[in-house]
Structures are given as structure tokens and as C-alpha cells.
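Below is target-v4.pdb, holding PDB, C-alpha atoms, pLDDT in the B column.
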MODEL        1
ATOM      1  CA  MET T  97     107.719  64.227 102.925  1.00 46.00           C
ATOM      2  CA  THR T  98     108.136  64.953  99.217  1.00 47.00           C
ATOM      3  CA  GLY T  99     109.598  63.001  96.313  1.00 58.00           C
ATOM      4  CA  THR T 100     110.096  59.255  96.393  1.00 89.00           C
ATOM      5  CA  ALA T 101     110.415  58.032  99.964  1.00 97.00           C
ATOM      6  CA  THR T 102     111.152  54.591 101.382  1.00 98.00           C
ATOM      7  CA  HIS T 103     108.794  53.136 103.970  1.00 98.00           C
ATOM      8  CA  VAL T 104     108.976  49.991 106.091  1.00 98.00           C
ATOM      9  CA  ILE T 105     105.448  48.923 107.058  1.00 98.00           C
ATOM     10  CA  THR T 106     104.176  46.218 109.394  1.00 98.00           C
ATOM     11  CA  GLY T 107     100.550  45.124 109.180  1.00 95.00           C
ATOM     12  CA  ALA T 108     100.161  45.939 105.468  1.00 95.00           C
ATOM     13  CA  GLY T 109      98.010  42.851 104.907  1.00 92.00           C
ATOM     14  CA  SER T 110      94.770  44.275 106.285  1.00 88.00           C
ATOM     15  CA  GLY T 111      92.957  47.175 107.889  1.00 90.00           C
ATOM     16  CA  ILE T 112      94.841  50.421 108.524  1.00 93.00           C
ATOM     17  CA  GLY T 113      98.161  48.976 107.312  1.00 95.00           C
ATOM     18  CA  ALA T 114      96.699  47.938 103.959  1.00 94.00           C
ATOM     19  CA  ALA T 115      95.069  51.363 103.512  1.00 95.00           C
ATOM     20  CA  VAL T 116      98.363  53.152 104.222  1.00 97.00           C
ATOM     21  CA  ALA T 117     100.327  50.820 101.936  1.00 97.00           C
ATOM     22  CA  ARG T 118      97.843  51.366  99.085  1.00 95.00           C
ATOM     23  CA  ARG T 119      98.112  55.154  99.388  1.00 97.00           C
ATOM     24  CA  LEU T 120     101.921  55.202  99.515  1.00 98.00           C
ATOM     25  CA  HIS T 121     102.156  52.638  96.693  1.00 98.00           C
ATOM     26  CA  ALA T 122      99.797  54.683  94.513  1.00 97.00           C
ATOM     27  CA  ARG T 123     101.993  57.751  94.799  1.00 96.00           C
ATOM     28  CA  GLY T 124     105.077  55.816  93.766  1.00 97.00           C
ATOM     29  CA  ASP T 125     106.935  55.542  97.062  1.00 98.00           C
ATOM     30  CA  GLU T 126     109.230  52.580  97.725  1.00 98.00           C
ATOM     31  CA  LEU T 127     107.756  50.020 100.105  1.00 98.00           C
ATOM     32  CA  PHE T 128     109.305  47.317 102.258  1.00 98.00           C
ATOM     33  CA  LEU T 129     106.368  45.326 103.597  1.00 98.00           C
ATOM     34  CA  HIS T 130     106.848  43.130 106.629  1.00 97.00           C
ATOM     35  CA  ALA T 131     105.368  39.627 106.532  1.00 96.00           C
ATOM     36  CA  ARG T 132     105.386  36.932 109.177  1.00 95.00           C
ATOM     37  CA  ASP T 133     106.340  34.166 106.715  1.00 95.00           C
ATOM     38  CA  ALA T 134     107.332  33.555 103.095  1.00 95.00           C
ATOM     39  CA  GLY T 135     103.787  32.684 102.029  1.00 96.00           C
ATOM     40  CA  ARG T 136     102.404  35.967 103.340  1.00 94.00           C
ATOM     41  CA  ALA T 137     105.317  37.823 101.731  1.00 96.00           C
ATOM     42  CA  LYS T 138     104.391  36.336  98.360  1.00 96.00           C
ATOM     43  CA  GLU T 139     100.779  37.524  98.763  1.00 96.00           C
ATOM     44  CA  LEU T 140     101.891  41.060  99.670  1.00 96.00           C
ATOM     45  CA  ALA T 141     104.321  41.206  96.733  1.00 96.00           C
ATOM     46  CA  ALA T 142     101.483  40.224  94.381  1.00 96.00           C
ATOM     47  CA  GLU T 143      99.142  42.810  95.896  1.00 95.00           C
ATOM     48  CA  PHE T 144     101.706  45.632  95.715  1.00 96.00           C
ATOM     49  CA  PRO T 145     103.738  45.215  92.488  1.00 97.00           C
ATOM     50  CA  GLY T 146     107.263  46.575  92.881  1.00 97.00           C
ATOM     51  CA  ALA T 147     107.167  46.492  96.661  1.00 97.00           C
ATOM     52  CA  ARG T 148     109.758  44.453  98.503  1.00 97.00           C
ATOM     53  CA  THR T 149     109.148  42.275 101.528  1.00 97.00           C
ATOM     54  CA  LEU T 150     110.833  41.587 104.858  1.00 97.00           C
ATOM     55  CA  VAL T 151     110.071  38.295 106.573  1.00 97.00           C
ATOM     56  CA  GLY T 152     110.158  37.808 110.338  1.00 97.00           C
ATOM     57  CA  ASP T 153     107.749  36.703 113.048  1.00 97.00           C
ATOM     58  CA  LEU T 154     106.737  39.596 115.329  1.00 98.00           C
ATOM     59  CA  ALA T 155     105.563  37.036 117.874  1.00 97.00           C
ATOM     60  CA  ASP T 156     109.210  35.968 118.281  1.00 98.00           C
ATOM     61  CA  PRO T 157     111.148  39.268 118.562  1.00 98.00           C
ATOM     62  CA  ASP T 158     114.358  37.515 119.651  1.00 98.00           C
ATOM     63  CA  LYS T 159     114.776  36.128 116.130  1.00 97.00           C
ATOM     64  CA  LEU T 160     113.968  39.256 114.114  1.00 97.00           C
ATOM     65  CA  SER T 161     117.538  40.538 113.939  1.00 95.00           C
ATOM     66  CA  TRP T 162     118.775  37.125 112.766  1.00 96.00           C
ATOM     67  CA  ALA T 163     115.987  36.915 110.163  1.00 96.00           C
ATOM     68  CA  PHE T 164     116.756  40.363 108.756  1.00 95.00           C
ATOM     69  CA  SER T 165     120.499  39.648 108.601  1.00 94.00           C
ATOM     70  CA  HIS T 166     119.712  37.134 105.839  1.00 94.00           C
ATOM     71  CA  GLN T 167     117.653  39.564 103.743  1.00 96.00           C
ATOM     72  CA  SER T 168     118.219  42.624 101.590  1.00 93.00           C
ATOM     73  CA  LEU T 169     117.484  45.748 103.650  1.00 94.00           C
ATOM     74  CA  PRO T 170     116.963  49.368 102.610  1.00 94.00           C
ATOM     75  CA  GLY T 171     120.014  51.627 102.925  1.00 93.00           C
ATOM     76  CA  ARG T 172     117.884  54.518 104.124  1.00 95.00           C
ATOM     77  CA  ILE T 173     114.390  54.594 105.588  1.00 98.00           C
ATOM     78  CA  ASP T 174     112.176  57.675 105.496  1.00 98.00           C
ATOM     79  CA  SER T 175     109.503  56.121 107.656  1.00 98.00           C
ATOM     80  CA  LEU T 176     109.049  53.048 109.832  1.00 98.00           C
ATOM     81  CA  LEU T 177     105.330  52.437 110.287  1.00 98.00           C
ATOM     82  CA  HIS T 178     104.365  50.098 113.123  1.00 98.00           C
ATOM     83  CA  ILE T 179     100.794  49.130 112.257  1.00 97.00           C
ATOM     84  CA  ALA T 180     100.616  45.381 112.978  1.00 96.00           C
ATOM     85  CA  GLY T 181      98.919  44.341 116.195  1.00 94.00           C
ATOM     86  CA  VAL T 182      97.071  41.523 117.927  1.00 93.00           C
ATOM     87  CA  VAL T 183      94.297  41.556 120.519  1.00 92.00           C
ATOM     88  CA  ASP T 184      92.983  38.922 122.895  1.00 92.00           C
ATOM     89  CA  LEU T 185      90.413  39.991 125.467  1.00 91.00           C
ATOM     90  CA  GLY T 186      89.999  38.398 128.879  1.00 94.00           C
ATOM     91  CA  ALA T 187      89.686  39.152 132.565  1.00 96.00           C
ATOM     92  CA  VAL T 188      92.886  39.419 134.601  1.00 98.00           C
ATOM     93  CA  GLY T 189      91.695  36.352 136.515  1.00 98.00           C
ATOM     94  CA  ASP T 190      91.597  34.320 133.306  1.00 97.00           C
ATOM     95  CA  LEU T 191      94.531  35.511 131.169  1.00 97.00           C
ATOM     96  CA  THR T 192      97.522  33.164 131.042  1.00 97.00           C
ATOM     97  CA  PRO T 193     101.183  34.197 130.732  1.00 98.00           C
ATOM     98  CA  LYS T 194     101.107  32.848 127.158  1.00 97.00           C
ATOM     99  CA  THR T 195      98.315  35.285 126.221  1.00 97.00           C
ATOM    100  CA  TRP T 196     100.107  38.164 127.933  1.00 98.00           C
ATOM    101  CA  ARG T 197     103.409  37.344 126.237  1.00 98.00           C
ATOM    102  CA  HIS T 198     101.907  37.055 122.751  1.00 97.00           C
ATOM    103  CA  GLN T 199     100.350  40.528 122.928  1.00 97.00           C
ATOM    104  CA  LEU T 200     103.397  42.111 124.550  1.00 98.00           C
ATOM    105  CA  ASN T 201     105.710  40.512 121.955  1.00 98.00           C
ATOM    106  CA  VAL T 202     103.740  41.585 118.874  1.00 98.00           C
ATOM    107  CA  ASN T 203     102.448  44.950 120.103  1.00 98.00           C
ATOM    108  CA  LEU T 204     105.443  46.234 122.081  1.00 98.00           C
ATOM    109  CA  ILE T 205     108.683  44.248 122.055  1.00 98.00           C
ATOM    110  CA  ALA T 206     108.729  43.628 118.277  1.00 98.00           C
ATOM    111  CA  PRO T 207     108.207  47.351 117.490  1.00 98.00           C
ATOM    112  CA  ALA T 208     111.043  48.184 119.918  1.00 98.00           C
ATOM    113  CA  GLU T 209     113.314  45.625 118.240  1.00 98.00           C
ATOM    114  CA  LEU T 210     112.418  46.748 114.705  1.00 98.00           C
ATOM    115  CA  THR T 211     113.091  50.351 115.710  1.00 98.00           C
ATOM    116  CA  ARG T 212     116.462  49.426 117.225  1.00 98.00           C
ATOM    117  CA  HIS T 213     117.372  47.498 114.096  1.00 97.00           C
ATOM    118  CA  PHE T 214     116.462  50.282 111.658  1.00 97.00           C
ATOM    119  CA  LEU T 215     117.541  53.359 113.640  1.00 98.00           C
ATOM    120  CA  PRO T 216     120.809  53.810 111.690  1.00 97.00           C
ATOM    121  CA  GLN T 217     118.872  54.053 108.400  1.00 98.00           C
ATOM    122  CA  LEU T 218     116.272  56.344 109.983  1.00 98.00           C
ATOM    123  CA  ARG T 219     118.938  58.677 111.363  1.00 98.00           C
ATOM    124  CA  LEU T 220     120.614  58.810 107.958  1.00 97.00           C
ATOM    125  CA  ALA T 221     117.355  59.951 106.324  1.00 97.00           C
ATOM    126  CA  GLN T 222     116.215  62.037 109.318  1.00 97.00           C
ATOM    127  CA  GLY T 223     113.176  59.829 109.031  1.00 98.00           C
ATOM    128  CA  HIS T 224     109.950  59.228 110.892  1.00 98.00           C
ATOM    129  CA  VAL T 225     108.864  56.458 113.271  1.00 98.00           C
ATOM    130  CA  LEU T 226     105.095  56.152 113.536  1.00 98.00           C
ATOM    131  CA  PHE T 227     103.301  53.883 115.976  1.00 98.00           C
ATOM    132  CA  VAL T 228      99.655  53.027 115.452  1.00 97.00           C
ATOM    133  CA  ASN T 229      98.613  52.752 119.056  1.00 97.00           C
ATOM    134  CA  SER T 230      94.993  52.541 120.247  1.00 94.00           C
ATOM    135  CA  GLY T 231      92.490  54.265 122.487  1.00 91.00           C
ATOM    136  CA  SER T 232      93.498  51.447 124.846  1.00 93.00           C
ATOM    137  CA  GLY T 233      96.970  52.983 125.000  1.00 94.00           C
ATOM    138  CA  LEU T 234      95.403  55.841 126.981  1.00 94.00           C
ATOM    139  CA  ASN T 235      92.633  54.071 128.930  1.00 93.00           C
ATOM    140  CA  ALA T 236      92.114  50.469 130.002  1.00 94.00           C
ATOM    141  CA  GLY T 237      88.645  48.971 130.359  1.00 93.00           C
ATOM    142  CA  PRO T 238      87.538  45.620 131.776  1.00 93.00           C
ATOM    143  CA  GLU T 239      88.779  42.584 129.805  1.00 93.00           C
ATOM    144  CA  TRP T 240      91.383  44.720 128.007  1.00 93.00           C
ATOM    145  CA  SER T 241      94.273  44.521 130.507  1.00 97.00           C
ATOM    146  CA  ALA T 242      96.902  42.669 128.427  1.00 97.00           C
ATOM    147  CA  TYR T 243      96.193  44.547 125.186  1.00 96.00           C
ATOM    148  CA  ALA T 244      96.005  47.901 126.959  1.00 97.00           C
ATOM    149  CA  ALA T 245      99.229  47.172 128.859  1.00 98.00           C
ATOM    150  CA  SER T 246     101.009  46.471 125.571  1.00 98.00           C
ATOM    151  CA  LYS T 247      99.659  49.730 124.112  1.00 97.00           C
ATOM    152  CA  HIS T 248     100.424  51.798 127.229  1.00 98.00           C
ATOM    153  CA  GLY T 249     103.954  50.394 126.884  1.00 98.00           C
ATOM    154  CA  LEU T 250     103.999  51.401 123.218  1.00 98.00           C
ATOM    155  CA  LYS T 251     103.190  54.992 124.213  1.00 98.00           C
ATOM    156  CA  ALA T 252     106.134  54.940 126.650  1.00 98.00           C
ATOM    157  CA  LEU T 253     108.402  53.535 123.930  1.00 98.00           C
ATOM    158  CA  ALA T 254     107.379  56.308 121.519  1.00 98.00           C
ATOM    159  CA  ASP T 255     107.752  59.063 124.129  1.00 98.00           C
ATOM    160  CA  SER T 256     111.245  57.930 125.152  1.00 98.00           C
ATOM    161  CA  LEU T 257     112.321  57.462 121.545  1.00 98.00           C
ATOM    162  CA  ARG T 258     111.108  60.971 120.658  1.00 98.00           C
ATOM    163  CA  HIS T 259     113.301  62.520 123.375  1.00 98.00           C
ATOM    164  CA  GLU T 260     116.304  60.348 122.485  1.00 98.00           C
ATOM    165  CA  GLU T 261     116.218  60.916 118.725  1.00 98.00           C
ATOM    166  CA  HIS T 262     115.070  64.543 118.480  1.00 97.00           C
ATOM    167  CA  GLY T 263     118.667  65.716 118.159  1.00 97.00           C
ATOM    168  CA  ASN T 264     119.171  63.268 115.270  1.00 98.00           C
ATOM    169  CA  GLY T 265     116.245  64.745 113.357  1.00 97.00           C
ATOM    170  CA  VAL T 266     114.079  61.628 113.703  1.00 98.00           C
ATOM    171  CA  ARG T 267     110.391  62.437 114.190  1.00 98.00           C
ATOM    172  CA  VAL T 268     108.185  60.168 116.313  1.00 98.00           C
ATOM    173  CA  THR T 269     104.391  60.018 116.188  1.00 98.00           C
ATOM    174  CA  SER T 270     101.800  57.970 118.065  1.00 98.00           C
ATOM    175  CA  VAL T 271      98.333  57.647 116.525  1.00 97.00           C
ATOM    176  CA  TYR T 272      95.507  56.508 118.806  1.00 95.00           C
ATOM    177  CA  PRO T 273      92.562  55.336 116.680  1.00 88.00           C
ATOM    178  CA  GLY T 274      89.259  54.463 118.259  1.00 78.00           C
ATOM    179  CA  ARG T 275      87.434  51.393 117.009  1.00 73.00           C
ATOM    180  CA  THR T 276      88.217  50.925 113.326  1.00 62.00           C
ATOM    181  CA  ALA T 277      86.355  48.688 110.862  1.00 54.00           C
ATOM    182  CA  SER T 278      88.793  45.794 110.365  1.00 57.00           C
ATOM    183  CA  ALA T 279      89.293  42.065 110.832  1.00 60.00           C
ATOM    184  CA  MET T 280      90.659  42.818 114.307  1.00 61.00           C
ATOM    185  CA  GLN T 281      87.465  44.682 115.200  1.00 60.00           C
ATOM    186  CA  ALA T 282      85.356  41.767 113.987  1.00 60.00           C
ATOM    187  CA  LYS T 283      87.334  39.480 116.329  1.00 61.00           C
ATOM    188  CA  VAL T 284      86.888  41.883 119.250  1.00 62.00           C
ATOM    189  CA  HIS T 285      83.118  41.948 118.729  1.00 58.00           C
ATOM    190  CA  GLN T 286      83.081  38.154 118.580  1.00 65.00           C
ATOM    191  CA  GLN T 287      84.986  37.974 121.869  1.00 66.00           C
ATOM    192  CA  GLU T 288      82.633  40.539 123.391  1.00 66.00           C
ATOM    193  CA  GLY T 289      79.606  38.575 122.151  1.00 70.00           C
ATOM    194  CA  LYS T 290      78.334  41.583 120.192  1.00 73.00           C
ATOM    195  CA  GLU T 291      77.083  41.914 116.624  1.00 70.00           C
ATOM    196  CA  TYR T 292      79.652  43.583 114.356  1.00 58.00           C
ATOM    197  CA  ASP T 293      78.477  46.461 112.168  1.00 66.00           C
ATOM    198  CA  PRO T 294      81.489  47.996 110.337  1.00 55.00           C
ATOM    199  CA  SER T 295      79.487  51.084 109.365  1.00 66.00           C
ATOM    200  CA  ARG T 296      79.492  52.196 113.018  1.00 63.00           C
ATOM    201  CA  TRP T 297      83.276  52.445 113.221  1.00 65.00           C
ATOM    202  CA  ILE T 298      86.105  54.420 111.604  1.00 81.00           C
ATOM    203  CA  ASP T 299      86.997  53.495 108.029  1.00 87.00           C
ATOM    204  CA  PRO T 300      90.692  52.442 107.863  1.00 87.00           C
ATOM    205  CA  GLU T 301      91.079  54.943 104.988  1.00 91.00           C
ATOM    206  CA  SER T 302      90.271  57.772 107.401  1.00 92.00           C
ATOM    207  CA  VAL T 303      93.033  56.679 109.795  1.00 94.00           C
ATOM    208  CA  ALA T 304      95.384  56.339 106.799  1.00 95.00           C
ATOM    209  CA  THR T 305      94.632  59.973 105.926  1.00 96.00           C
ATOM    210  CA  THR T 306      95.783  61.106 109.388  1.00 95.00           C
ATOM    211  CA  ILE T 307      98.957  58.984 109.124  1.00 97.00           C
ATOM    212  CA  LEU T 308      99.897  60.477 105.760  1.00 97.00           C
ATOM    213  CA  MET T 309      99.246  63.954 107.138  1.00 97.00           C
ATOM    214  CA  ALA T 310     101.758  63.303 109.926  1.00 97.00           C
ATOM    215  CA  LEU T 311     104.322  61.903 107.468  1.00 97.00           C
ATOM    216  CA  ASP T 312     103.919  64.745 104.968  1.00 97.00           C
ATOM    217  CA  LEU T 313     104.112  67.578 107.484  1.00 96.00           C
ATOM    218  CA  PRO T 314     106.928  70.055 106.722  1.00 96.00           C
ATOM    219  CA  ARG T 315     110.149  69.569 108.687  1.00 92.00           C
ATOM    220  CA  ASP T 316     109.486  72.522 110.984  1.00 94.00           C
ATOM    221  CA  ALA T 317     106.714  70.603 112.752  1.00 94.00           C
ATOM    222  CA  GLU T 318     106.087  67.201 114.285  1.00 96.00           C
ATOM    223  CA  VAL T 319     102.844  65.482 115.276  1.00 97.00           C
ATOM    224  CA  ASN T 320     103.549  63.821 118.621  1.00 98.00           C
ATOM    225  CA  ASP T 321     100.186  62.338 119.609  1.00 97.00           C
ATOM    226  CA  LEU T 322      97.071  62.118 117.464  1.00 95.00           C
ATOM    227  CA  THR T 323      93.762  60.727 118.729  1.00 93.00           C
ATOM    228  CA  VAL T 324      91.216  59.673 116.087  1.00 88.00           C
ATOM    229  CA  ARG T 325      87.693  58.900 117.269  1.00 84.00           C
ATOM    230  CA  PRO T 326      84.620  57.522 115.467  1.00 81.00           C
ATOM    231  CA  GLY T 327      82.745  60.493 113.988  1.00 70.00           C
ATOM    232  CA  ARG T 328      79.350  58.814 113.821  1.00 67.00           C
TER     233      ARG T 328
ENDMDL
END
What does this structure look like when you write it as C-alpha cells?
Amino acid sequence: MTGTATHVITGAGSGIGAAVARRLHARGDELFLHARDAGRAKELAAEFPGARTLVGDLADPDKLSWAFSHQSLPGRIDSLLHIAGVVDLGAVGDLTPKTWRHQLNVNLIAPAELTRHFLPQLRLAQGHVLFVNSGSGLNAGPEWSAYAASKHGLKALADSLRHEEHGNGVRVTSVYPGRTASAMQAKVHQQEGKEYDPSRWIDPESVATTILMALDLPRDAEVNDLTVRPGR
């Protein structure tokens, strides 16, 4: 991807999303940063001068289309970057429908709805849809059932979308990072009852580097699935 491009990014407030947003902002690309509410949107706008915001709650996908219909949207989108996510660990015997629904809504149904909503703009630009998945989108360990189910579903969404939109010139990538040093990882360690040492895990900047590589690849190639593991 060369020249000024327009990106819609979820999860730009922290971790991998913030690292990606910083890199794209620094090179002068146009950013539309998703925020769950007006207060968060104001913080993102201050952090990324010149960027625009889109407000809508990913935990309530049914209302996203209505929320966006009242906002100024980009006419073309070069990339839609699904980076936001939530995690809540627990054994199958303990997880409630509410916990299941929250993770499925944010991690799977909201990305599907955002993609549906922005596909016309993506087709126009022959753009790129990139899903930040997880190692849990490929394997599910104990206590990870709901999160892993949402991420296995996200892989299926990406794979189907890739087949459907190939003829329209829309590229689709799934990135599967291992444990990455972030606020989410700190929460996971807390839930696991383990001490959190960020130096043991992947720096979000390293994952951002792989995402930009996928976005910037010449048009004759497409990264479908990219697994990124801790190197230490």
C-alpha cells in the first residue's frame, strides 16, 4: 500500500492497536479510530491529531449500523483493521451465557457487522480486511473455551470472506499472535494467578511490524494466515 491510505481501526487505545495506529499516523495515513463511547473518542482524537473517530459499542453489535448512520464515514477504505478484543477465562462448568455472549459479540459478531457495513467502501478501494486473531484461534486450552471459540469463529469469518471477496480485489489476512505484552495480557495473568512479566512476551510493536508488512505487500500477493510467536 503506497501513498496516503485510509484505515479504520478498532482497538487503537492500547496494545497492538495503539502500536499500529501510531505507525500509520506517523507516515501520514488517514485514520478513522473506533471508540466505544464519546469520552474514549475524545481521548483518541487527542492522542492522534488529525485522526477521526467512529463511536459504537462492539459489545452491542445490533446497534452499530444505527450508530454509524449518524456519523461521517469514509467514502473509501483501504484497510479495515479488527484489533479490539476481550478475554474472560473460566472453565466450561463455570462460564455463564453472559460471559460467552460478551466475548462472542466483541470478538466475532462485531467484526462481522463492521465488515458488512464497510464492504462497499473496501470493494471500491480494493482494500484489505485484517483480523488480529490469537493463538487461541488455532488451539483451545483449559479455561479458554469462550475466548477460543470466538477466535476460532473469527478464523472462519476471515476464511469465508477471503473466498467471497477475492473476485472483488479485497485482500483478507488473519494474524495469530502469541502472548503479547499488553493490558489484556496483564488481566489474563491475573485470572491465571500468575505473576506478569511483560519482558517475556511479544512487544506489540513487533506484531505491528507484521501487520504493516501484510498491508504494504504488492498487489500480486496476499498474506492469508500469519502466526507470530514469542521469540524469547
Give me, as a Markdown table, each residue of segment 205-273 of chain T that comes within 12 Å of segment 111-132 of chain T, together with its shortest interatomic pair and the distance in Å at one decimal, counting all atoms listed in the file, with rows ordered by chain and rising residue number.
| residue | atom | partner | partner_atom | distance |
| --- | --- | --- | --- | --- |
| T:Ala206 | CA | T:Arg132 | CA | 11.8 |
| T:Pro207 | CA | T:His130 | CA | 11.7 |
| T:Leu210 | CA | T:His130 | CA | 10.5 |
| T:Leu226 | CA | T:Gly113 | CA | 11.8 |
| T:Phe227 | CA | T:Gly113 | CA | 11.2 |
| T:Val228 | CA | T:Ile112 | CA | 8.8 |
| T:Asn229 | CA | T:Ile112 | CA | 11.4 |
| T:Ser230 | CA | T:Ile112 | CA | 11.9 |
| T:Val271 | CA | T:Ile112 | CA | 11.3 |
| T:Tyr272 | CA | T:Ile112 | CA | 12.0 |
| T:Pro273 | CA | T:Ile112 | CA | 9.8 |
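Residue nearest Ile173 of chain T within the list T:Arg148, T:His103, T:Arg275, T:Lys247: T:His103 [criterion: smallest interatomic distance, all atoms listed in the file].
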Result set of the PyMOL selection byres ((chain T and resi 236-243) around 12) on the coordinates above, as a ChimeraX atom specification: /T:181-204,229-235,244-250,284,287-288
Can you write out the residues you just picked, keeping C-alpha atoms, as a compact mmCIF listing (two decimals), keeping the file's coordinate frame?
# COMPACT_ATOMS: atom_id res chain seq x y z
CA GLY T 181 98.92 44.34 116.20
CA VAL T 182 97.07 41.52 117.93
CA VAL T 183 94.30 41.56 120.52
CA ASP T 184 92.98 38.92 122.90
CA LEU T 185 90.41 39.99 125.47
CA GLY T 186 90.00 38.40 128.88
CA ALA T 187 89.69 39.15 132.56
CA VAL T 188 92.89 39.42 134.60
CA GLY T 189 91.70 36.35 136.51
CA ASP T 190 91.60 34.32 133.31
CA LEU T 191 94.53 35.51 131.17
CA THR T 192 97.52 33.16 131.04
CA PRO T 193 101.18 34.20 130.73
CA LYS T 194 101.11 32.85 127.16
CA THR T 195 98.32 35.28 126.22
CA TRP T 196 100.11 38.16 127.93
CA ARG T 197 103.41 37.34 126.24
CA HIS T 198 101.91 37.06 122.75
CA GLN T 199 100.35 40.53 122.93
CA LEU T 200 103.40 42.11 124.55
CA ASN T 201 105.71 40.51 121.96
CA VAL T 202 103.74 41.58 118.87
CA ASN T 203 102.45 44.95 120.10
CA LEU T 204 105.44 46.23 122.08
CA ASN T 229 98.61 52.75 119.06
CA SER T 230 94.99 52.54 120.25
CA GLY T 231 92.49 54.26 122.49
CA SER T 232 93.50 51.45 124.85
CA GLY T 233 96.97 52.98 125.00
CA LEU T 234 95.40 55.84 126.98
CA ASN T 235 92.63 54.07 128.93
CA ALA T 244 96.00 47.90 126.96
CA ALA T 245 99.23 47.17 128.86
CA SER T 246 101.01 46.47 125.57
CA LYS T 247 99.66 49.73 124.11
CA HIS T 248 100.42 51.80 127.23
CA GLY T 249 103.95 50.39 126.88
CA LEU T 250 104.00 51.40 123.22
CA VAL T 284 86.89 41.88 119.25
CA GLN T 287 84.99 37.97 121.87
CA GLU T 288 82.63 40.54 123.39
Produce the centre coordinates and the three edge lengths, each in Å to one decimal, of the box along x, y and z that contains all listed atoms of segment 215-230 of chain T with 4 Å added on each side, as lines of an AutoDock Vina configuration file.
center_x = 107.9
center_y = 57.3
center_z = 113.3
size_x = 33.8
size_y = 17.5
size_z = 21.9
Taking the file as shown, find all residues satisfying the PyMOL selection byres ((chain T and resi 300) around 7) and write them as JSON, numbers by chain. {"T": [111, 112, 115, 276, 277, 298, 299, 301, 302, 303, 304]}
Would you translate the PyMOL selection byres ((chain T and resi 258) around 12) into the concrete set of residues it matches in this file, as a compact mmCIF listing (two decimals) with C-alpha atoms, in the frame of the given file?
# COMPACT_ATOMS: atom_id res chain seq x y z
CA THR T 211 113.09 50.35 115.71
CA GLY T 223 113.18 59.83 109.03
CA HIS T 224 109.95 59.23 110.89
CA VAL T 225 108.86 56.46 113.27
CA LEU T 226 105.10 56.15 113.54
CA PHE T 227 103.30 53.88 115.98
CA LYS T 251 103.19 54.99 124.21
CA ALA T 252 106.13 54.94 126.65
CA LEU T 253 108.40 53.54 123.93
CA ALA T 254 107.38 56.31 121.52
CA ASP T 255 107.75 59.06 124.13
CA SER T 256 111.24 57.93 125.15
CA LEU T 257 112.32 57.46 121.54
CA HIS T 259 113.30 62.52 123.38
CA GLU T 260 116.30 60.35 122.48
CA GLU T 261 116.22 60.92 118.72
CA HIS T 262 115.07 64.54 118.48
CA GLY T 263 118.67 65.72 118.16
CA ASN T 264 119.17 63.27 115.27
CA GLY T 265 116.24 64.74 113.36
CA VAL T 266 114.08 61.63 113.70
CA ARG T 267 110.39 62.44 114.19
CA VAL T 268 108.18 60.17 116.31
CA THR T 269 104.39 60.02 116.19
CA SER T 270 101.80 57.97 118.06
CA GLU T 318 106.09 67.20 114.28
CA VAL T 319 102.84 65.48 115.28
CA ASN T 320 103.55 63.82 118.62
CA ASP T 321 100.19 62.34 119.61
Please provide as a PyMOL selection string all residues within 9 Å of Ala134 of chain T, with the sequence filter that same-chain residues fewer than 6 positions apart are discarded (counting all atoms listed in the file). chain T and resi 150-152
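Counting from atom CA of Ala163 of chain T, the distance to atom CA of Arg136 of chain T is 15.2 Å.
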Best match for closeness to Ala208 of chain T among T:Pro170, T:Leu160, T:Gly274, T:Gly107, counting all atoms listed in the file: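 Ranking T:Pro170, T:Leu160, T:Gly274, T:Gly107 by distance to Ala208 of chain T, first place goes to T:Leu160.
If you measure from each of T:Ser175, T:Gln217, T:Thr323, T:Thr305 to Thr100 of chain T using all atoms listed in the file, the closest one turns out to be T:Ser175.
Proximity ranking of T:Phe164, T:Lys159, T:Gly135, T:Ile105 relative to Ala147 of chain T places T:Ile105 first, based on only C-alpha atoms.
One distance worth recording is that between atom CA of Asp158 of chain T and atom CA of Val104 of chain T, which is 19.2 Å.
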Close residues, Leu140 of chain T itself excluded, 8 Å, all atoms listed in the file, min 2 positions apart in chain, as number ranges by chain: T: 108-109, 129, 131, 136-138, 142-144, 149
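Interatomic distance, atom CA of Pro326 of chain T to atom CA of Thr306 of chain T: 13.2 Å.
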